[in-house]
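my_file.tsv follows (TSV, C-alpha atoms):
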chain	number	residue	atom	x	y	z
A	1	MET	CA	82.96	62.08	90.56
A	2	SER	CA	85.03	62.73	93.66
A	3	LEU	CA	84.47	61.80	97.29
A	4	VAL	CA	85.53	63.87	100.29
A	5	VAL	CA	86.26	62.47	103.76
A	6	VAL	CA	86.20	65.28	106.33
A	7	GLY	CA	88.18	64.52	109.49
A	8	LEU	CA	91.53	62.74	109.14
A	9	GLY	CA	91.76	61.13	112.55
A	10	ARG	CA	91.71	57.57	113.82
A	11	VAL	CA	88.54	56.89	111.85
A	12	GLY	CA	88.71	59.22	108.85
A	13	LEU	CA	92.21	58.38	107.66
A	14	PRO	CA	91.56	54.61	107.42
A	15	MET	CA	88.37	55.51	105.52
A	16	VAL	CA	90.40	57.52	103.01
A	17	ALA	CA	92.73	54.55	102.53
A	18	VAL	CA	89.92	52.06	101.92
A	19	PHE	CA	87.84	54.36	99.70
A	20	ALA	CA	90.99	54.96	97.64
A	21	LYS	CA	91.08	51.26	96.89
A	22	TYR	CA	87.41	50.77	95.99
A	23	PHE	CA	85.91	54.12	94.95
A	24	ASP	CA	85.82	54.92	91.23
A	25	GLY	CA	87.16	58.43	91.39
A	26	GLU	CA	89.36	60.79	93.36
A	27	VAL	CA	89.32	60.62	97.15
A	28	LEU	CA	90.00	63.86	98.98
A	29	GLY	CA	91.05	63.75	102.65
A	30	VAL	CA	90.16	66.95	104.48
A	31	ASP	CA	90.98	68.30	107.94
A	32	VAL	CA	91.04	71.69	109.69
A	33	ASP	CA	94.51	71.00	111.13
A	34	VAL	CA	96.91	72.62	108.66
A	35	GLU	CA	100.01	71.00	110.16
A	36	TRP	CA	98.43	67.54	110.02
A	37	VAL	CA	97.41	68.01	106.40
A	38	GLU	CA	100.95	69.10	105.47
A	39	THR	CA	102.34	66.02	107.21
A	40	LEU	CA	100.07	63.76	105.15
A	41	ARG	CA	100.89	65.61	101.94
A	42	SER	CA	104.57	64.91	102.55
A	43	GLY	CA	103.83	61.19	102.70
A	44	ARG	CA	104.41	60.81	106.43
A	45	VAL	CA	101.75	58.80	108.27
A	46	LYS	CA	102.41	59.31	111.96
A	47	MET	CA	99.84	56.84	113.17
A	48	VAL	CA	100.18	53.20	114.25
A	49	GLU	CA	97.55	51.63	112.02
A	50	GLU	CA	98.10	48.31	110.26
A	51	GLY	CA	98.04	48.67	106.47
A	52	LEU	CA	97.43	52.43	106.48
A	53	PHE	CA	100.75	53.51	104.99
A	54	GLU	CA	100.67	50.65	102.49
A	55	TYR	CA	97.19	51.56	101.21
A	56	LEU	CA	97.89	55.29	100.99
A	57	SER	CA	101.13	54.55	99.12
A	58	ALA	CA	99.54	52.04	96.74
A	59	TYR	CA	96.69	54.38	95.78
A	60	ARG	CA	98.47	57.72	96.15
A	61	ASP	CA	97.48	58.72	92.58
A	62	LYS	CA	93.83	58.74	93.68
A	63	VAL	CA	94.28	60.59	96.99
A	64	ARG	CA	94.76	64.27	97.81
A	65	PHE	CA	94.85	66.02	101.17
A	66	GLU	CA	93.49	69.52	101.73
A	67	THR	CA	92.33	71.77	104.54
A	68	LEU	CA	88.60	72.42	104.79
A	69	SER	CA	89.01	76.00	103.55
A	70	GLU	CA	90.81	74.82	100.39
A	71	VAL	CA	88.15	72.43	99.11
A	72	ASP	CA	86.18	73.31	95.97
A	73	PHE	CA	82.93	71.59	96.92
A	74	SER	CA	81.34	72.42	93.58
A	75	ARG	CA	83.47	69.62	92.14
A	76	VAL	CA	82.61	67.15	94.92
A	77	GLY	CA	80.10	64.35	94.48
A	78	HIS	CA	79.89	62.77	97.94
A	79	VAL	CA	80.76	64.02	101.42
A	80	VAL	CA	81.65	61.60	104.22
A	81	VAL	CA	81.90	63.22	107.66
A	82	ALA	CA	84.27	61.55	110.14
A	83	ILE	CA	84.84	64.29	112.71
A	84	GLY	CA	84.40	63.62	116.42
A	85	VAL	CA	81.29	64.74	118.31
A	86	ASP	CA	81.92	65.76	121.90
A	87	ILE	CA	79.85	63.41	124.07
A	88	ASN	CA	80.54	63.38	127.81
A	89	SER	CA	78.90	63.06	131.21
A	90	GLY	CA	77.40	66.52	130.66
A	91	PHE	CA	74.78	64.89	128.44
A	92	CYS	CA	73.13	63.59	131.62
A	93	GLY	CA	71.97	67.15	132.24
A	94	GLY	CA	70.52	67.32	128.73
A	95	ALA	CA	72.46	67.55	125.47
A	96	PRO	CA	74.32	70.88	125.20
A	97	PRO	CA	72.63	73.11	122.59
A	98	ASP	CA	75.86	73.51	120.59
A	99	TYR	CA	77.09	69.91	120.51
A	100	LEU	CA	76.36	69.64	116.77
A	101	THR	CA	78.06	72.94	115.88
A	102	PRO	CA	81.25	71.29	114.45
A	103	LEU	CA	79.10	68.99	112.31
A	104	TYR	CA	77.00	71.90	111.08
A	105	LYS	CA	80.16	73.83	110.18
A	106	VAL	CA	81.22	70.99	107.86
A	107	VAL	CA	77.77	70.95	106.25
A	108	GLU	CA	77.85	74.73	105.87
A	109	ALA	CA	81.29	74.63	104.22
A	110	ALA	CA	80.02	72.02	101.75
A	111	VAL	CA	76.69	73.62	100.82
A	112	GLU	CA	77.95	77.20	100.77
A	113	GLY	CA	80.93	75.95	98.76
A	114	GLY	CA	78.68	74.66	95.98
A	115	TRP	CA	78.12	70.99	96.87
A	116	ARG	CA	74.81	69.61	95.60
A	117	GLY	CA	73.17	66.33	94.79
A	118	GLY	CA	75.48	63.60	96.07
A	119	ALA	CA	75.46	61.57	99.27
A	120	LEU	CA	76.10	63.13	102.68
A	121	VAL	CA	77.22	60.29	104.93
A	122	LEU	CA	77.57	60.86	108.68
A	123	ARG	CA	79.91	58.44	110.47
A	124	PRO	CA	80.76	59.84	113.93
A	125	THR	CA	79.29	58.42	117.12
A	126	VAL	CA	76.28	60.66	117.72
A	127	PRO	CA	73.32	60.92	120.09
A	128	ILE	CA	70.15	59.38	118.72
A	129	GLY	CA	68.22	61.81	116.54
A	130	THR	CA	71.28	63.53	115.08
A	131	THR	CA	70.64	62.46	111.47
A	132	ARG	CA	67.11	63.81	111.67
A	133	ALA	CA	68.42	67.05	113.21
A	134	VAL	CA	70.94	67.48	110.37
A	135	ALA	CA	68.20	66.97	107.77
A	136	LYS	CA	66.05	69.60	109.47
A	137	TYR	CA	68.96	72.04	109.67
A	138	ILE	CA	69.76	71.69	105.96
A	139	GLU	CA	66.14	72.03	104.87
A	140	GLU	CA	65.41	75.05	107.07
A	141	ARG	CA	68.59	76.87	106.02
A	142	TRP	CA	68.91	75.98	102.33
A	143	GLY	CA	65.63	74.31	101.39
A	144	LEU	CA	67.34	71.03	100.44
A	145	ARG	CA	65.45	67.80	101.14
A	146	PRO	CA	67.01	64.35	101.61
A	147	GLY	CA	66.01	61.89	98.92
A	148	VAL	CA	65.16	64.77	96.56
A	149	ASP	CA	68.05	67.25	96.47
A	150	TYR	CA	70.74	65.08	98.08
A	151	TYR	CA	71.07	61.74	99.87
A	152	LEU	CA	71.53	61.67	103.64
A	153	ALA	CA	72.67	58.60	105.58
A	154	TYR	CA	74.13	57.64	108.93
A	155	VAL	CA	76.64	54.79	108.67
A	156	PRO	CA	78.24	54.09	112.05
A	157	GLU	CA	81.95	53.37	112.12
A	158	ARG	CA	82.76	50.40	114.35
A	159	LEU	CA	86.55	50.29	114.07
A	160	VAL	CA	89.15	49.12	116.55
A	161	GLU	CA	92.24	51.32	116.59
A	162	GLY	CA	95.23	49.60	115.08
A	163	ARG	CA	92.95	47.50	112.86
A	164	GLY	CA	90.95	50.35	111.35
A	165	VAL	CA	91.88	49.74	107.71
A	166	PHE	CA	91.10	46.03	107.83
A	167	GLU	CA	87.83	46.55	109.73
A	168	GLU	CA	86.64	49.43	107.53
A	169	GLU	CA	87.15	47.12	104.59
A	170	THR	CA	85.44	44.04	106.04
A	171	LEU	CA	82.96	44.90	108.80
A	172	PRO	CA	79.24	45.07	107.89
A	173	LYS	CA	77.89	48.53	107.10
A	174	VAL	CA	74.52	49.61	108.49
A	175	VAL	CA	73.17	52.42	106.28
A	176	GLY	CA	70.50	54.35	108.17
A	177	CYS	CA	68.28	56.86	106.36
A	178	LEU	CA	65.06	58.82	106.58
A	179	GLU	CA	63.81	57.42	103.27
A	180	GLU	CA	64.59	54.69	100.76
A	181	ARG	CA	66.21	56.72	97.98
A	182	SER	CA	68.97	57.99	100.27
A	183	CYS	CA	69.64	54.45	101.48
A	184	GLU	CA	69.92	53.20	97.90
A	185	GLU	CA	72.38	55.90	96.85
A	186	ALA	CA	74.50	55.89	100.02
A	187	ALA	CA	74.72	52.09	100.02
A	188	LYS	CA	76.33	52.20	96.56
A	189	LEU	CA	79.43	53.80	98.12
A	190	PHE	CA	80.05	50.72	100.25
A	191	LYS	CA	78.82	47.86	98.09
A	192	LYS	CA	82.21	47.49	96.39
A	193	PHE	CA	83.80	46.75	99.75
A	194	PRO	CA	84.13	43.03	100.59
A	195	SER	CA	81.60	43.41	103.41
A	196	LYS	CA	77.86	43.18	103.93
A	197	VAL	CA	75.77	46.30	103.47
A	198	VAL	CA	72.32	46.53	105.02
A	199	THR	CA	69.92	49.46	105.03
A	200	ALA	CA	67.77	50.67	107.91
A	201	ILE	CA	64.86	53.11	108.00
A	202	PRO	CA	64.60	55.25	110.11
A	203	PRO	CA	68.22	56.28	110.83
A	204	GLU	CA	67.68	55.97	114.59
A	205	LYS	CA	68.16	52.22	114.11
A	206	ALA	CA	71.72	52.74	112.88
A	207	GLU	CA	72.43	55.37	115.54
A	208	LEU	CA	71.36	52.99	118.30
A	209	VAL	CA	73.43	50.15	116.81
A	210	LYS	CA	76.57	52.25	117.22
A	211	LEU	CA	75.77	53.09	120.84
A	212	ILE	CA	75.07	49.43	121.60
A	213	ASP	CA	78.59	48.42	120.53
A	214	ASN	CA	80.62	50.31	123.11
A	215	SER	CA	77.92	50.53	125.78
A	216	TRP	CA	77.59	46.74	125.87
A	217	ARG	CA	81.33	46.19	126.19
A	218	ASN	CA	81.58	48.87	128.87
A	219	TYR	CA	78.63	47.27	130.72
A	220	ARG	CA	80.28	43.83	130.78
A	221	ILE	CA	83.52	45.27	132.15
A	222	ALA	CA	81.59	47.22	134.80
A	223	PHE	CA	79.96	43.99	135.98
A	224	ALA	CA	83.36	42.27	136.18
A	225	ASN	CA	84.65	45.23	138.22
A	226	GLU	CA	81.69	44.97	140.57
A	227	VAL	CA	82.46	41.27	141.03
A	228	ALA	CA	86.06	42.24	141.85
A	229	LEU	CA	84.98	44.69	144.56
A	230	ILE	CA	82.66	42.10	146.11
A	231	ALA	CA	85.39	39.45	145.98
A	232	GLU	CA	87.81	41.84	147.67
A	233	GLN	CA	85.44	42.34	150.60
A	234	LEU	CA	85.17	38.55	150.91
A	235	GLY	CA	88.93	38.07	150.76
A	236	LEU	CA	88.67	36.21	147.45
A	237	ASP	CA	90.62	36.44	144.19
A	238	SER	CA	88.16	37.69	141.56
A	239	HIS	CA	90.21	36.22	138.72
A	240	GLU	CA	89.90	32.75	140.23
A	241	VAL	CA	86.17	33.23	140.82
A	242	ILE	CA	85.57	34.42	137.23
A	243	ASP	CA	87.65	31.55	135.83
A	244	LEU	CA	85.50	29.12	137.83
A	245	ALA	CA	82.34	30.77	136.53
A	246	LYS	CA	83.57	30.41	132.93
A	247	LEU	CA	84.93	26.84	133.25
A	248	ASP	CA	83.23	24.77	130.52
A	249	TYR	CA	80.22	27.09	130.77
A	250	THR	CA	79.84	28.87	127.44
A	251	ARG	CA	77.11	31.23	128.62
A	252	ASN	CA	79.75	33.06	130.72
A	253	ALA	CA	82.43	32.98	128.02
A	254	ASP	CA	82.27	36.73	127.33
A	255	LEU	CA	82.81	37.82	130.95
A	256	PRO	CA	86.06	39.87	130.88
A	257	LYS	CA	88.75	40.33	133.50
A	258	PRO	CA	88.20	43.16	135.98
A	259	GLY	CA	90.08	46.34	135.16
A	260	PRO	CA	89.72	49.84	133.74
A	261	ALA	CA	87.44	50.40	130.74
A	262	SER	CA	88.67	53.49	128.95
A	263	GLY	CA	89.57	55.06	125.66
A	264	TYR	CA	87.86	57.59	123.44
A	265	CYS	CA	84.95	55.28	122.58
A	266	LEU	CA	84.19	53.38	125.79
A	267	GLY	CA	84.82	56.51	127.82
A	268	LYS	CA	82.11	58.62	126.18
A	269	ASP	CA	79.64	56.69	124.02
A	270	PRO	CA	77.36	55.40	126.82
A	271	TYR	CA	76.68	58.99	127.88
A	272	ALA	CA	74.85	59.56	124.58
A	273	LEU	CA	72.02	57.48	126.08
A	274	CYS	CA	71.56	59.85	129.02
A	275	GLY	CA	68.51	61.53	127.54
A	276	PHE	CA	66.39	58.38	127.60
A	277	LYS	CA	64.25	57.33	130.56
A	278	THR	CA	64.06	53.61	131.21
A	279	LEU	CA	63.19	51.72	134.38
A	280	HIS	CA	66.33	53.34	135.75
A	281	ASN	CA	67.27	56.98	135.43
A	282	PRO	CA	69.90	57.31	134.13
A	283	PRO	CA	69.79	54.08	132.10
A	284	LEU	CA	71.87	51.10	133.22
A	285	ALA	CA	74.38	51.65	130.39
A	286	VAL	CA	75.11	55.12	131.77
A	287	ILE	CA	75.33	53.90	135.37
A	288	ALA	CA	77.87	51.31	134.21
A	289	ARG	CA	79.96	54.08	132.63
A	290	MET	CA	79.78	56.15	135.81
A	291	PHE	CA	80.85	53.10	137.81
A	292	ASN	CA	83.91	52.60	135.60
A	293	ASP	CA	84.73	56.33	135.86
A	294	ASP	CA	84.58	56.11	139.66
A	295	LEU	CA	86.98	53.18	139.60
A	296	TYR	CA	89.87	55.49	138.67
A	297	SER	CA	89.87	57.05	142.14
A	298	TYR	CA	89.75	53.64	143.80
A	299	LEU	CA	92.71	52.40	141.73
A	300	ALA	CA	94.66	55.59	142.43
A	301	ARG	CA	94.24	55.11	146.19
A	302	THR	CA	95.36	51.49	145.88
A	303	ILE	CA	98.46	52.47	143.88
A	304	LEU	CA	99.45	55.13	146.41
A	305	LYS	CA	99.04	52.64	149.22
A	306	LEU	CA	101.18	50.04	147.45
A	307	ALA	CA	103.88	52.54	146.49
A	308	GLY	CA	104.29	54.27	149.84
A	309	ASP	CA	107.26	56.63	149.50
A	310	ALA	CA	108.78	54.75	146.55
A	311	PRO	CA	108.79	56.25	143.05
A	312	ILE	CA	106.14	54.96	140.67
A	313	LEU	CA	107.08	53.78	137.19
A	314	VAL	CA	104.31	54.02	134.59
A	315	LEU	CA	104.95	51.98	131.44
A	316	GLY	CA	102.44	52.99	128.79
A	317	LEU	CA	99.83	55.73	128.58
A	318	SER	CA	97.25	54.43	126.12
A	319	TYR	CA	94.01	52.67	127.00
A	320	LYS	CA	95.32	49.36	125.65
A	321	ALA	CA	98.56	47.84	124.44
A	322	ASP	CA	100.23	48.91	121.20
A	323	VAL	CA	97.86	51.82	120.48
A	324	ASP	CA	99.09	55.39	120.01
A	325	ASP	CA	96.14	57.23	121.55
A	326	TYR	CA	95.98	58.76	125.04
A	327	ARG	CA	92.49	60.28	124.77
A	328	MET	CA	90.34	59.35	127.78
A	329	SER	CA	92.89	56.69	128.72
A	330	HIS	CA	92.64	55.28	132.23
A	331	ALA	CA	96.42	55.64	132.53
A	332	ILE	CA	96.05	59.41	132.20
A	333	GLU	CA	92.98	59.54	134.46
A	334	ILE	CA	94.71	57.52	137.19
A	335	LEU	CA	97.85	59.66	136.90
A	336	LYS	CA	95.79	62.81	137.47
A	337	ARG	CA	94.67	61.36	140.80
A	338	VAL	CA	98.02	59.88	141.84
A	339	ALA	CA	100.35	62.74	140.91
A	340	PRO	CA	99.34	65.26	143.63
A	341	GLN	CA	100.24	62.79	146.39
A	342	ALA	CA	103.14	60.79	144.90
A	343	SER	CA	106.77	61.46	145.79
A	344	ARG	CA	107.97	60.83	142.23
A	345	ILE	CA	106.43	59.40	139.06
A	346	VAL	CA	108.41	58.31	135.99
A	347	VAL	CA	106.32	57.83	132.85
A	348	HIS	CA	107.39	56.01	129.70
A	349	ASP	CA	105.56	55.41	126.44
A	350	PRO	CA	107.33	54.66	123.15
A	351	TYR	CA	104.72	56.65	121.19
A	352	LEU	CA	105.00	59.81	123.30
A	353	GLY	CA	105.04	62.80	120.93
A	354	LEU	CA	104.39	60.71	117.79
A	355	ASN	CA	101.20	62.53	116.82
A	356	ARG	CA	98.34	64.67	118.13
A	357	TYR	CA	96.94	61.69	120.01
A	358	THR	CA	100.14	61.16	122.00
A	359	ASP	CA	101.20	64.76	122.54
A	360	ALA	CA	102.79	65.64	125.89
A	361	LYS	CA	99.82	68.00	126.47
A	362	PHE	CA	98.06	65.05	128.10
A	363	LEU	CA	100.71	65.10	130.86
A	364	ARG	CA	101.25	68.81	131.32
A	365	GLY	CA	99.97	70.25	134.55
A	366	LEU	CA	100.47	67.05	136.56
A	367	GLY	CA	103.12	68.74	138.71
A	368	PRO	CA	106.88	68.61	139.30
A	369	ALA	CA	106.78	65.04	140.61
A	370	VAL	CA	106.12	63.69	137.10
A	371	PHE	CA	108.95	62.97	134.65
A	372	TYR	CA	108.10	61.57	131.23
A	373	THR	CA	110.11	60.22	128.30
A	374	ALA	CA	109.73	58.09	125.16
A	375	ASP	CA	113.06	56.38	125.93
A	376	LEU	CA	112.67	53.21	128.00
A	377	GLU	CA	116.27	53.12	129.25
A	378	GLU	CA	116.04	56.72	130.39
A	379	ALA	CA	112.80	55.93	132.23
A	380	LEU	CA	114.28	52.89	133.99
A	381	ASN	CA	117.35	54.85	135.05
A	382	ALA	CA	115.21	57.71	136.32
A	383	ALA	CA	112.91	55.41	138.26
A	384	GLY	CA	115.56	53.61	140.26
A	385	GLY	CA	113.79	51.21	142.60
A	386	ALA	CA	110.27	52.01	141.43
A	387	CYS	CA	107.20	49.85	141.60
A	388	GLY	CA	105.53	49.54	138.21
A	389	LEU	CA	102.09	50.60	137.04
A	390	CYS	CA	102.16	48.89	133.67
A	391	LYS	CA	100.15	49.34	130.52
A	392	GLY	CA	101.01	46.96	127.76
A	393	TRP	CA	102.80	44.94	130.42
A	394	SER	CA	100.10	43.23	132.44
A	395	LEU	CA	99.98	44.10	136.12
A	396	LYS	CA	97.66	42.36	138.58
A	397	MET	CA	96.86	44.77	141.37
A	398	GLY	CA	94.68	43.15	143.97
A	399	ASN	CA	91.54	42.04	142.14
A	400	PHE	CA	92.14	44.22	139.09
A	401	THR	CA	94.29	43.90	135.98
A	402	LEU	CA	96.01	46.82	134.27
A	403	GLU	CA	97.12	45.86	130.78
Now, as a test, write the supplied structure out as structure tokens.
Amino acid sequence: MSLVVVGLGRVGLPMVAVFAKYFDGEVLGVDVDVEWVETLRSGRVKMVEEGLFEYLSAYRDKVRFETLSEVDFSRVGHVVVAIGVDINSGFCGGAPPDYLTPLYKVVEAAVEGGWRGGALVLRPTVPIGTTRAVAKYIEERWGLRPGVDYYLAYVPERLVEGRGVFEEETLPKVVGCLEERSCEEAAKLFKKFPSKVVTAIPPEKAELVKLIDNSWRNYRIAFANEVALIAEQLGLDSHEVIDLAKLDYTRNADLPKPGPASGYCLGKDPYALCGFKTLHNPPLAVIARMFNDDLYSYLARTILKLAGDAPILVLGLSYKADVDDYRMSHAIEILKRVAPQASRIVVHDPYLGLNRYTDAKFLRGLGPAVFYTADLEEALNAAGGACGLCKGWSLKMGNFTLE
């Protein structure tokens, strides 16, 4: 029996690698991006992910890559969906009616292509209630019921980029389902991994677990940023204050440094909670995300003030060091606000142009003042006497840290 992973991005490709090691059968990696599929077929893995190339090379006899239109789903046993779901601040006005359309298109391709009877495992970050909505969609359109005609589960991915292969292999798996039979069958896919597997009914438990992960981290950083703004008004150094608060006091040990909280997960996941009314509307997790979004404008004003008429050198475009992913990065968001008023900006990132996550499209439209290159020496020569806005290199700017 074969297994298909649909979506060969930062999450799906590490899944292919790990399933190739542990699944008893062929693993098929599927994407709609023809160029990306051809790149993977040629053996090139243009992604900075520890162990990814090694795993795909070691188990290459078990792995194939195809576009979604090429897959013969009648020969497929299990379908694992790892595509992204577009969650953004727009969810605070109510979830858009078409936000599940990409997910439904994958399901349609599978069912119309002859897939029947195996596990359908959803792994993207999704708003609560998505698994139930997918089950309803499938039953209303094709008359297929989870636990009877196929096995439906939501298993949140909880991976850190750069460590995706290791974490997919070892982190606990929460298998959320509408009924017990689906949980039993879906759990079998993961029980050969060297990690714990727990089941949860109903699937909303697993969906909420995923949203807790990034919302909680974002919330902690938002609080640290609020401390920094208060300290600034008092003329204090927030780093010193936080260090004092943490000194031999373990209950404050997880308080982070103030600074931007960004990236494709932290930047969007809290907004999936917008539809829920708590004592606050929107919920505190969403307010914390809005606070961190607003911080970009504050940091941009501070950078412009520090730079004056001098050129600005930006070293790194990702949301954290040594990651090749510019999506929803604070470096990009700050640049959008700085560029219209800066005299000259020189941007360097060694991963620029490496893959679809570091394409120059993220920088296009910023204006003639912005020059960008993957070559560090070229960037330093172009910058002259620039002040540095550093990512990967830590920069303390007032009460905030950019690193």
Exercise on segment 235-240 of chain A, axis-aligned box with 3 Å per side, report centre and edge lengths in Å to one decimal, as lines of an AutoDock Vina configuration file:
center_x = 89.4
center_y = 35.4
center_z = 144.7
size_x = 8.5
size_y = 11.3
size_z = 18.0
Original post:
Between atom CA of Met15 of chain A and atom CA of Asp254 of chain A, what is the spacing in Å?
Top reply: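 Between these atoms lies a distance of 29.4 Å.
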Just the residues within 10 Å of segment 242-245 of chain A, please, counting only C-alpha atoms, with nothing from its chain fewer than 2 positions along; format it as a PDB file with C-alpha atoms, keeping the file's coordinate frame.
ATOM      1  CA  ALA A 224      83.360  42.270 136.180  1.00  0.00           C
ATOM      2  CA  VAL A 227      82.460  41.270 141.030  1.00  0.00           C
ATOM      3  CA  ALA A 228      86.060  42.240 141.850  1.00  0.00           C
ATOM      4  CA  ASP A 237      90.620  36.440 144.190  1.00  0.00           C
ATOM      5  CA  SER A 238      88.160  37.690 141.560  1.00  0.00           C
ATOM      6  CA  HIS A 239      90.210  36.220 138.720  1.00  0.00           C
ATOM      7  CA  GLU A 240      89.900  32.750 140.230  1.00  0.00           C
ATOM      8  CA  LEU A 247      84.930  26.840 133.250  1.00  0.00           C
ATOM      9  CA  ASP A 248      83.230  24.770 130.520  1.00  0.00           C
ATOM     10  CA  TYR A 249      80.220  27.090 130.770  1.00  0.00           C
ATOM     11  CA  THR A 250      79.840  28.870 127.440  1.00  0.00           C
ATOM     12  CA  ARG A 251      77.110  31.230 128.620  1.00  0.00           C
ATOM     13  CA  ASN A 252      79.750  33.060 130.720  1.00  0.00           C
ATOM     14  CA  ALA A 253      82.430  32.980 128.020  1.00  0.00           C
ATOM     15  CA  LEU A 255      82.810  37.820 130.950  1.00  0.00           C
ATOM     16  CA  PRO A 256      86.060  39.870 130.880  1.00  0.00           C
ATOM     17  CA  LYS A 257      88.750  40.330 133.500  1.00  0.00           C
ATOM     18  CA  PRO A 258      88.200  43.160 135.980  1.00  0.00           C
TER      19      PRO A 258
END
Mind running segment 247-308 of chain A against segment 86-89 of chain A at 10 Å and telling me each contacting residue's nearest atom pair with the distance in Å (one decimal), counting only C-alpha atoms, chain and number ascending, as JSON lines?
{"residue": "A:Tyr264", "atom": "CA", "partner": "A:Ile87", "partner_atom": "CA", "distance": 9.9}
{"residue": "A:Cys265", "atom": "CA", "partner": "A:Ile87", "partner_atom": "CA", "distance": 9.7}
{"residue": "A:Gly267", "atom": "CA", "partner": "A:Asn88", "partner_atom": "CA", "distance": 8.1}
{"residue": "A:Lys268", "atom": "CA", "partner": "A:Asn88", "partner_atom": "CA", "distance": 5.3}
{"residue": "A:Asp269", "atom": "CA", "partner": "A:Ile87", "partner_atom": "CA", "distance": 6.7}
{"residue": "A:Pro270", "atom": "CA", "partner": "A:Asn88", "partner_atom": "CA", "distance": 8.6}
{"residue": "A:Tyr271", "atom": "CA", "partner": "A:Ser89", "partner_atom": "CA", "distance": 5.7}
{"residue": "A:Ala272", "atom": "CA", "partner": "A:Ile87", "partner_atom": "CA", "distance": 6.3}
{"residue": "A:Cys274", "atom": "CA", "partner": "A:Ser89", "partner_atom": "CA", "distance": 8.3}
{"residue": "A:Val286", "atom": "CA", "partner": "A:Ser89", "partner_atom": "CA", "distance": 8.8}
{"residue": "A:Arg289", "atom": "CA", "partner": "A:Ser89", "partner_atom": "CA", "distance": 9.2}
{"residue": "A:Met290", "atom": "CA", "partner": "A:Ser89", "partner_atom": "CA", "distance": 8.3}
Original post:
Distance atom CA of Ser42 of chain A-atom CA of Gly7 of chain A, one decimal place?
Top reply: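 Atom-to-atom, atom CA of Ser42 of chain A to atom CA of Gly7 of chain A, that is 17.8 Å.
Interatomic distance, atom CA of Arg123 of chain A to atom CA of Ala82 of chain A: 5.4 Å.
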Original post:
So, counting all atoms listed in the file, which residue among A:Leu366, A:Ala382, A:Val71, A:Val81 is closest to Glu112 of chain A?
Top reply: A:Val71
